[in-house]
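Enquirer: For reference, the file run-v7.txt (compact mmCIF, C-alpha atoms) is included below:
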```txt
# COMPACT_ATOMS: atom_id res chain seq x y z
CA MET X 1 7.04 -15.66 10.67
CA LYS X 2 4.21 -15.22 13.16
CA GLN X 3 0.79 -16.80 12.60
CA THR X 4 -2.18 -15.52 14.63
CA ARG X 5 -5.53 -17.31 14.49
CA ILE X 6 -8.17 -14.57 14.32
CA THR X 7 -11.30 -16.67 13.66
CA ASP X 8 -11.94 -20.25 12.61
CA LYS X 9 -11.50 -19.05 9.02
CA ILE X 10 -8.93 -16.24 9.19
CA THR X 11 -5.24 -16.43 10.15
CA TYR X 12 -3.07 -13.32 10.15
CA VAL X 13 0.53 -13.94 9.10
CA GLU X 14 3.37 -11.48 9.80
CA PRO X 15 6.94 -11.73 8.46
CA ASP X 16 9.98 -11.58 10.71
CA SER X 17 11.17 -8.46 8.90
CA MET X 18 9.71 -5.90 6.52
CA ALA X 19 13.04 -4.25 5.70
CA ARG X 20 14.07 -3.18 2.20
CA PHE X 21 10.53 -3.23 0.76
CA SER X 22 10.52 -7.02 0.42
CA SER X 23 7.64 -8.28 2.56
CA CYS X 24 4.30 -7.54 4.22
CA ALA X 25 1.71 -9.18 6.45
CA GLY X 26 -1.05 -11.21 4.84
CA LEU X 27 -4.03 -13.47 5.45
CA ILE X 28 -4.85 -17.14 5.17
CA VAL X 29 -8.57 -17.58 4.59
CA GLN X 30 -9.92 -21.11 5.03
CA SER X 31 -13.46 -21.19 3.66
CA ARG X 32 -14.80 -23.37 0.85
CA LYS X 33 -11.19 -23.56 -0.23
CA GLN X 34 -7.99 -22.06 1.13
CA ILE X 35 -6.88 -18.70 -0.19
CA PHE X 36 -3.79 -16.60 0.59
CA ILE X 37 -3.97 -12.79 0.47
CA ASP X 38 -0.68 -10.87 0.09
CA MET X 39 1.37 -13.79 1.30
CA ASN X 40 4.69 -12.10 0.63
CA LEU X 41 6.86 -13.01 3.60
CA GLY X 42 10.27 -13.18 2.01
CA GLU X 43 11.67 -15.91 -0.20
CA SER X 44 12.18 -18.76 2.27
CA ASP X 45 9.14 -18.17 4.50
CA THR X 46 6.82 -17.80 1.52
CA ARG X 47 8.07 -21.10 0.11
CA THR X 48 7.72 -22.80 3.50
CA LEU X 49 4.14 -21.62 3.99
CA LEU X 50 3.15 -22.65 0.46
CA GLU X 51 4.56 -26.13 1.09
CA GLN X 52 2.90 -26.43 4.50
CA ARG X 53 -0.50 -25.08 3.58
CA CYS X 54 -0.88 -25.91 -0.12
CA PRO X 55 -3.44 -23.15 -0.78
CA ASP X 56 -5.88 -23.27 -3.67
CA ALA X 57 -5.42 -19.62 -4.64
CA ALA X 58 -3.30 -16.55 -3.93
CA VAL X 59 -4.55 -12.96 -4.20
CA ILE X 60 -2.43 -9.82 -4.53
CA THR X 61 -3.88 -6.51 -3.27
CA HIS X 62 -1.63 -4.40 -5.54
CA PHE X 63 1.55 -4.55 -7.58
CA HIS X 64 4.08 -2.93 -5.20
CA LEU X 65 7.12 -5.12 -4.55
CA ASP X 66 6.56 -5.71 -0.85
CA HIS X 67 3.17 -7.26 -1.67
CA SER X 68 3.89 -9.19 -4.84
CA VAL X 69 7.52 -10.05 -5.47
CA TRP X 70 7.37 -13.64 -4.15
CA THR X 71 4.03 -14.49 -5.74
CA HIS X 72 5.83 -16.17 -8.64
CA GLN X 73 6.46 -19.02 -6.18
CA ALA X 74 2.71 -19.61 -5.94
CA GLU X 75 2.43 -19.57 -9.73
CA LYS X 76 5.34 -22.02 -10.02
CA ALA X 77 3.58 -24.36 -7.57
CA GLY X 78 0.50 -24.40 -9.81
CA ILE X 79 -1.62 -22.30 -7.47
CA GLN X 80 -4.20 -20.01 -9.08
CA VAL X 81 -3.07 -16.39 -8.73
CA PHE X 82 -5.43 -13.40 -8.80
CA VAL X 83 -4.22 -9.84 -9.45
CA PRO X 84 -6.12 -6.53 -9.68
CA ALA X 85 -7.27 -6.04 -13.28
CA LYS X 86 -5.95 -2.47 -13.34
CA GLU X 87 -2.46 -3.67 -12.43
CA ALA X 88 -2.07 -6.89 -14.40
CA ALA X 89 0.59 -5.38 -16.69
CA PHE X 90 2.73 -4.49 -13.67
CA LEU X 91 2.84 -8.12 -12.55
CA SER X 92 3.56 -9.54 -15.99
CA SER X 93 6.33 -7.23 -17.25
CA LEU X 94 9.32 -5.77 -15.45
CA ASP X 95 9.85 -3.37 -18.34
CA HIS X 96 6.32 -2.05 -17.80
CA VAL X 97 6.99 -1.63 -14.08
CA VAL X 98 10.10 0.44 -14.77
CA GLN X 99 8.49 2.49 -17.56
CA GLN X 100 5.52 3.37 -15.35
CA THR X 101 7.44 4.03 -12.13
CA ALA X 102 11.11 4.99 -11.87
CA GLY X 103 11.89 5.29 -15.58
CA PRO X 104 10.39 8.75 -16.18
CA LEU X 105 12.06 9.95 -12.98
CA GLY X 106 15.59 9.24 -14.22
CA CYS X 107 16.15 6.18 -12.03
CA GLY X 108 15.10 3.48 -14.46
CA LYS X 109 18.37 1.54 -14.67
CA GLN X 110 18.95 1.58 -10.92
CA TRP X 111 15.36 0.56 -10.18
CA HIS X 112 15.42 -2.22 -12.79
CA ALA X 113 18.59 -3.67 -11.26
CA PHE X 114 17.26 -3.37 -7.71
CA VAL X 115 13.89 -4.93 -8.53
CA GLU X 116 15.32 -7.82 -10.51
CA ASN X 117 18.60 -8.61 -8.76
CA THR X 118 18.04 -7.52 -5.16
CA GLN X 119 14.29 -8.04 -4.77
CA GLY X 120 13.99 -11.08 -7.01
CA PHE X 121 11.11 -9.92 -9.20
CA ARG X 122 9.90 -12.51 -11.71
CA SER X 123 7.10 -11.79 -14.16
CA LEU X 124 3.85 -13.72 -13.76
CA THR X 125 2.65 -15.55 -16.84
CA HIS X 126 -0.46 -17.41 -15.68
CA PHE X 127 -2.94 -15.49 -13.56
CA SER X 128 -6.54 -14.32 -13.35
CA SER X 129 -7.66 -10.72 -12.96
CA TYR X 130 -10.22 -9.49 -10.47
CA GLY X 131 -12.03 -6.22 -9.87
CA PRO X 132 -14.48 -4.49 -7.50
CA ASP X 133 -17.37 -6.66 -8.71
CA THR X 134 -15.54 -9.97 -8.29
CA VAL X 135 -16.99 -12.46 -5.83
CA PHE X 136 -14.69 -15.30 -4.89
CA VAL X 137 -17.57 -17.78 -4.81
CA GLU X 138 -15.43 -20.85 -5.36
CA PHE X 139 -12.96 -19.94 -2.60
CA ALA X 140 -14.43 -17.61 0.03
CA PRO X 141 -17.88 -16.24 -0.83
CA GLU X 142 -18.08 -14.31 2.45
CA MET X 143 -15.06 -12.18 1.47
CA VAL X 144 -16.06 -8.78 0.06
CA VAL X 145 -13.74 -7.06 -2.42
CA MET X 146 -13.28 -3.37 -1.50
CA ASP X 147 -12.01 -1.04 -4.24
CA THR X 148 -9.62 1.27 -2.36
CA PRO X 149 -7.39 2.99 -4.95
CA GLY X 150 -5.00 5.87 -4.36
CA HIS X 151 -1.99 4.09 -2.95
CA SER X 152 -1.96 2.39 -6.34
CA PRO X 153 -4.50 2.42 -9.20
CA GLY X 154 -6.00 -0.95 -8.34
CA HIS X 155 -5.26 -1.23 -4.62
CA THR X 156 -7.81 -3.51 -2.98
CA SER X 157 -8.89 -4.18 0.60
CA PHE X 158 -10.98 -7.13 1.78
CA TYR X 159 -13.88 -7.08 4.22
CA PHE X 160 -15.40 -9.97 6.15
CA PRO X 161 -18.85 -8.69 7.18
CA ASP X 162 -19.80 -11.62 9.41
CA ASP X 163 -16.91 -10.78 11.76
CA ARG X 164 -16.59 -7.09 10.81
CA ILE X 165 -12.92 -7.62 9.98
CA LEU X 166 -11.09 -5.51 7.42
CA PHE X 167 -7.83 -6.43 5.74
CA SER X 168 -6.80 -2.88 4.87
CA GLY X 169 -3.82 -3.75 2.71
CA ASP X 170 -1.39 -0.87 2.26
CA LEU X 171 -3.57 2.16 3.00
CA GLY X 172 -1.00 3.58 5.41
CA LEU X 173 -2.77 2.94 8.70
CA ASP X 174 0.60 2.31 10.33
CA ARG X 175 2.75 4.90 12.10
CA PHE X 176 4.35 6.03 8.83
CA GLY X 177 1.01 7.07 7.35
CA PRO X 178 -0.33 7.04 3.77
CA TRP X 179 2.23 6.67 0.96
CA TYR X 180 1.82 7.95 -2.62
CA GLY X 181 5.32 7.99 -4.06
CA TRP X 182 4.67 6.85 -7.64
CA GLN X 183 3.18 9.03 -10.36
CA ASN X 184 0.20 6.67 -10.72
CA CYS X 185 -0.73 7.18 -7.06
CA ASP X 186 -3.59 9.61 -6.49
CA ILE X 187 -4.10 11.52 -3.24
CA ARG X 188 -7.73 12.30 -4.01
CA ASP X 189 -8.53 8.64 -4.68
CA LEU X 190 -6.74 7.71 -1.46
CA ILE X 191 -8.86 10.15 0.55
CA PHE X 192 -12.02 8.83 -1.13
CA SER X 193 -10.97 5.31 -0.10
CA LEU X 194 -10.32 6.33 3.51
CA LEU X 195 -13.65 8.18 3.69
CA ARG X 196 -15.45 5.16 2.30
CA LEU X 197 -13.98 2.88 4.95
CA ASP X 198 -14.64 5.46 7.67
CA GLY X 199 -18.37 4.79 7.44
CA MET X 200 -18.14 1.01 7.77
CA GLN X 201 -18.79 -1.23 10.72
CA ILE X 202 -15.34 -2.56 11.61
CA ASN X 203 -14.31 -4.31 14.82
CA LEU X 204 -10.79 -5.31 13.78
CA ILE X 205 -8.34 -4.09 11.16
CA LEU X 206 -5.58 -6.37 9.91
CA SER X 207 -3.03 -4.21 8.12
CA SER X 208 -0.11 -4.94 5.83
CA HIS X 209 2.46 -3.07 7.90
CA GLY X 210 0.79 -1.82 11.07
CA GLY X 211 -0.20 -5.05 12.75
CA MET X 212 -3.65 -5.68 14.21
CA ILE X 213 -5.67 -2.59 15.05
CA GLN X 214 -8.52 -2.88 17.55
CA LYS X 215 -8.46 0.45 19.37
CA GLY X 216 -9.30 3.80 17.85
CA ILE X 217 -10.86 2.34 14.71
CA SER X 218 -13.60 4.97 14.70
CA ASP X 219 -10.97 7.70 14.38
CA ILE X 220 -8.15 6.07 12.41
CA PHE X 221 -9.28 6.85 8.86
CA MET X 222 -9.84 10.53 9.56
CA ALA X 223 -6.54 10.63 11.43
CA LYS X 224 -4.75 9.43 8.30
CA ILE X 225 -6.56 11.98 6.16
CA LYS X 226 -5.39 14.62 8.63
CA GLU X 227 -1.80 13.43 8.13
CA ILE X 228 -2.17 14.02 4.38
CA LEU X 229 -3.54 17.50 5.05
CA GLN X 230 -0.63 18.17 7.40
CA ARG X 231 1.82 17.36 4.61
CA GLU X 232 -0.02 19.73 2.30
CA HIS X 233 0.13 22.52 4.86
CA HIS X 234 3.80 21.86 5.55
CA ILE X 235 4.70 22.07 1.86
CA GLU X 236 2.60 25.18 1.37
CA LYS X 237 4.25 26.85 4.36
CA GLN X 238 7.76 25.95 3.20
CA LEU X 239 7.06 27.31 -0.27
CA SER X 240 5.70 30.53 1.21
CA LYS X 241 8.97 30.91 3.13
CA GLY X 242 10.90 30.75 -0.10
CA LYS X 243 12.17 27.20 0.27
CA SER X 244 13.01 25.54 -3.03
CA GLU X 245 11.59 22.24 -4.20
CA ALA X 246 15.03 20.65 -3.80
CA GLN X 247 15.31 21.88 -0.19
CA ILE X 248 11.86 20.58 0.74
CA ILE X 249 12.56 17.19 -0.81
CA GLU X 250 15.96 16.91 0.84
CA ASN X 251 14.39 17.65 4.25
CA GLY X 252 11.75 15.02 3.56
CA VAL X 253 8.08 14.87 2.64
CA PHE X 254 7.46 11.30 3.80
CA TYR X 255 10.99 10.14 4.58
CA LEU X 256 12.17 12.54 7.26
CA HIS X 257 15.29 10.67 8.41
CA LYS X 258 17.04 9.60 5.24
CA LYS X 259 20.33 11.52 5.21
CA LYS X 260 22.38 8.54 6.40
CA VAL X 261 20.54 5.91 4.34
CA PRO X 262 22.98 4.04 2.05
CA GLN X 263 22.73 4.00 -1.72
CA PRO X 264 20.86 3.10 -3.81
CA LEU X 265 18.08 3.33 -1.20
CA LYS X 266 18.77 7.03 -0.56
CA THR X 267 18.20 7.75 -4.26
CA PHE X 268 14.89 5.89 -4.15
CA LEU X 269 13.71 7.72 -1.03
CA ASP X 270 14.52 11.07 -2.63
CA MET X 271 12.71 9.94 -5.77
CA TRP X 272 9.57 9.05 -3.84
CA ASP X 273 9.68 12.26 -1.82
CA SER X 274 9.98 14.25 -5.06
CA VAL X 275 6.90 12.54 -6.48
CA MET X 276 4.87 13.13 -3.31
CA PHE X 277 5.95 16.76 -3.33
CA GLN X 278 4.73 17.08 -6.92
CA HIS X 279 1.38 15.48 -6.09
CA HIS X 280 0.82 18.09 -3.40
CA LYS X 281 2.13 20.96 -5.52
CA ASN X 282 -0.32 20.06 -8.30
CA LEU X 283 -3.21 19.98 -5.84
CA LEU X 284 -2.19 23.30 -4.28
CA ALA X 285 -2.29 24.85 -7.75
CA GLN X 286 -5.94 23.78 -7.89
CA GLY X 287 -6.84 25.20 -4.49
CA GLY X 288 -5.62 22.38 -2.27
CA LEU X 289 -7.44 19.33 -1.02
CA THR X 290 -10.35 21.27 0.44
CA ALA X 291 -11.27 22.42 -3.06
CA PHE X 292 -12.15 18.78 -3.73
CA PHE X 293 -13.24 17.86 -0.20
CA PRO X 294 -15.06 20.85 1.37
CA GLU X 295 -16.02 18.60 4.28
CA LEU X 296 -12.37 18.66 5.35
CA SER X 297 -12.26 22.46 5.64
CA GLN X 298 -12.67 22.47 9.42
CA ILE X 299 -9.66 20.16 9.86
CA SER X 300 -7.66 22.18 7.35
CA ASN X 301 -8.48 25.49 9.04
CA ALA X 302 -7.43 24.09 12.43
CA LEU X 303 -4.11 23.01 10.93
CA SER X 304 -3.63 26.47 9.45
CA GLN X 305 -4.17 28.08 12.84
CA GLN X 306 -1.68 25.71 14.47
CA SER X 307 0.96 26.49 11.84
CA ARG X 308 0.62 30.21 12.52
CA LEU X 309 1.24 29.80 16.23
```
Would you give me this structure, written as structure tokens?

Expert:
Amino acid sequence: MKQTRITDKITYVEPDSMARFSSCAGLIVQSRKQIFIDMNLGESDTRTLLEQRCPDAAVITHFHLDHSVWTHQAEKAGIQVFVPAKEAAFLSSLDHVVQQTAGPLGCGKQWHAFVENTQGFRSLTHFSSYGPDTVFVEFAPEMVVMDTPGHSPGHTSFYFPDDRILFSGDLGLDRFGPWYGWQNCDIRDLIFSLLRLDGMQINLILSSHGGMIQKGISDIFMAKIKEILQREHHIEKQLSKGKSEAQIIENGVFYLHKKKVPQPLKTFLDMWDSVMFQHHKNLLAQGGLTAFFPELSQISNALSQQSRL
């Protein structure tokens, strides 16, 4: 793992690998007490850091495996765990996770086995819930909870106004872009979240998967919205050419280079692409994203002109 001291209170921690959806980067915040945010580094590194640092609390930004699967180690060590109120059921029941994610998509048994046996998911039994109005007074009162749903129903970012630092969580500010591959993801909520952050004073972004971002912050949120619009235009164009849903999914909506990916991962990538396709198809049936965000019409029109060239 790599630990980078950002301020006297904030340390950014990155895992050695983020392969197979098992880990992410997180924060150590040393304020009134010590608090971990998304400290999901893999089994051994998470255990090592917990033993070295002995934090007072651990916070999860959202329920996805790469952000939460090793949090049961913190619970086992007697550390107070906080989870988004909207996603508490996902952290406390594997059956609920499967029923609300891969189950309705026909991949329930495979996903259950992968999550439990390969990823090491263990249900949390003792935790506290938090929401947009929560202030972590006892631990880090300067830390502002930012409700940024879309990637998941209760996805949360954290802002440190004194230093103008944002921990963006999993909003897709990395090179892969925004992800919304489960049915409970919401593209409109994700765009609202990105627009909300676009108007903030931010000098440094610490992301879950894209490292530290210092340059281009003024443009990054709109750039990611543009990527979502580009996917919409691509799907619309492929449909207009007579391409089938199966063909579009096979060629990739988010995962463009998956043909040689081994099983069961290939099945999961196809599953997520199919869900993202459906999200866009549903929005196109309602007039597309600009029907909900007229302020994006200029970007959308420019993309349309480019696609016709």

Enquirer: What residues have an atom no more than 10 Å from (-5.6, -14.3, 2.2) in the file's own frame, counting all atoms listed in the file, and can you write them as a ChimeraX atom specification?

Expert: /X:10-13,25-30,34-39,55,57-61,140,143,158,167

Enquirer: Could you check which of X:Leu166, X:Val83, X:Val253, X:Leu283 is closest to His64 (chain X), using all atoms listed in the file?

Expert: X:Val83

Enquirer: Please report, as JSON lines, each residue of region 280-305 of chain X lying at most 12 Å from region 265-276 of chain X, together with the nearest pair of atoms and the separation in Å rounded to one decimal; use only C-alpha atoms, and order rows by chain and ascending residue number.

Expert:
```
{"residue": "X:His280", "atom": "CA", "partner": "X:Met276", "partner_atom": "CA", "distance": 6.4}
{"residue": "X:Lys281", "atom": "CA", "partner": "X:Met276", "partner_atom": "CA", "distance": 8.6}
{"residue": "X:Asn282", "atom": "CA", "partner": "X:Met276", "partner_atom": "CA", "distance": 10.0}
{"residue": "X:Leu283", "atom": "CA", "partner": "X:Met276", "partner_atom": "CA", "distance": 10.9}
```

Enquirer: Restrict the selected residues to C-alpha atoms and save them as a PDB file, in the coordinates of the input.

Expert:
```
ATOM      1  CA  HIS X 280       0.820  18.090  -3.400  1.00  0.00           C
ATOM      2  CA  LYS X 281       2.130  20.960  -5.520  1.00  0.00           C
ATOM      3  CA  ASN X 282      -0.320  20.060  -8.300  1.00  0.00           C
ATOM      4  CA  LEU X 283      -3.210  19.980  -5.840  1.00  0.00           C
TER       5      LEU X 283
END
```

Enquirer: Find the residues near Asp219 (chain X): any atom within 12 Å, counting only C-alpha atoms, skip ones fewer than 5 places away on the same chain, and give them as an MDAnalysis selection string.

Expert: chainID X and resid 173 194:195 197:200 202 213:214 224:226

Enquirer: May I have the centre and edge lengths, in Å to one decimal, of an axis-aligned box around the listed atoms of region 213-222 of chain X with 4 Å added to every side, as lines of an AutoDock Vina configuration file?

Expert:
```
center_x = -9.6
center_y = 3.8
center_z = 14.1
size_x = 15.9
size_y = 21.4
size_z = 18.5
```

Enquirer: May I ask which of the residues X:Ser240, X:Ser304, X:Thr148, X:Asn40 is the closest one to His209 (chain X), counting only C-alpha atoms?

Expert: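 Looking at the shortest contact to His209 (chain X), the residue is X:Asn40.
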
Enquirer: Which neighbours of region 87-94 of chain X fall inside 7 Å, counting all atoms listed in the file, when residues of the same chain fewer than 5 positions from it are skipped, and could you give them as a list in words?

Expert: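 Non-adjacent residues within range: His62, Phe63, Ser123, Leu124, Thr125, Ser129 and Gly154 of chain X.
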
Enquirer: Can you work out the spacing between CA of Met212 (chain X) and CA of Arg5 (chain X) in Å, to one decimal?

Expert: 11.8 Å

Enquirer: Find the distance between CA of Phe21 (chain X) and CA of Met146 (chain X) and write it in Å to one decimal.

Expert: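 Separation of CA of Phe21 (chain X) and CA of Met146 (chain X): 23.9 Å.
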
Enquirer: If we count only C-alpha atoms and set the cut-off at 8 Å, which residues sit around Glu14 (chain X), ignoring sequence neighbours fewer than 6 positions away in its own chain? Please answer as a ChimeraX atom specification.

Expert: /X:1-3,24-26,41,211

Enquirer: List the neighbours of Asn251 (chain X) out to 12 Å using only C-alpha atoms; skip same-chain residues closer than 6 positions along the sequence, and give me the result as a JSON list (two decimals) with C-alpha atoms, keeping the file's coordinate frame.

Expert:
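And here's around_34.json as it stands now:
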```json
[["chain", "number", "residue", "atom", "x", "y", "z"],
["X", 234, "HIS", "CA", 3.80, 21.86, 5.55],
["X", 235, "ILE", "CA", 4.70, 22.07, 1.86],
["X", 238, "GLN", "CA", 7.76, 25.95, 3.20],
["X", 243, "LYS", "CA", 12.17, 27.20, 0.27],
["X", 244, "SER", "CA", 13.01, 25.54, -3.03],
["X", 245, "GLU", "CA", 11.59, 22.24, -4.20],
["X", 257, "HIS", "CA", 15.29, 10.67, 8.41],
["X", 258, "LYS", "CA", 17.04, 9.60, 5.24],
["X", 259, "LYS", "CA", 20.33, 11.52, 5.21],
["X", 269, "LEU", "CA", 13.71, 7.72, -1.03],
["X", 270, "ASP", "CA", 14.52, 11.07, -2.63],
["X", 273, "ASP", "CA", 9.68, 12.26, -1.82],
["X", 274, "SER", "CA", 9.98, 14.25, -5.06],
["X", 277, "PHE", "CA", 5.95, 16.76, -3.33]]
```

Enquirer: Go ahead and compute the interatomic distance for CA of Arg231 (chain X) and CA of Ser23 (chain X), in Å to one decimal.

Expert: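 Going from CA of Arg231 (chain X) over to CA of Ser23 (chain X) covers 26.4 Å.
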
Enquirer: Would you kindly return, as a ChimeraX atom specification, each protein, DNA or RNA residue with an atom no farther than 10 Å from any atom of Ile187 (chain X), considering only C-alpha atoms and excluding same-chain residues fewer than 2 positions away?

Expert: /X:149-152,178-180,184-185,189-193,225,228,276,279-280,283,289

Enquirer: Closest to Ala77 (chain X) among X:Ser300, X:Thr101, X:Gln110, X:Thr46, using all atoms listed in the file?

Expert: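 Checking each candidate against Ala77 (chain X), we get X:Thr46 as the closest.
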
Enquirer: Can you work out which one of X:Lys9, X:Glu43, X:Arg196, X:Phe127 has the shortest atom-to-atom distance to Ile165 (chain X), counting all atoms listed in the file?

Expert: X:Lys9
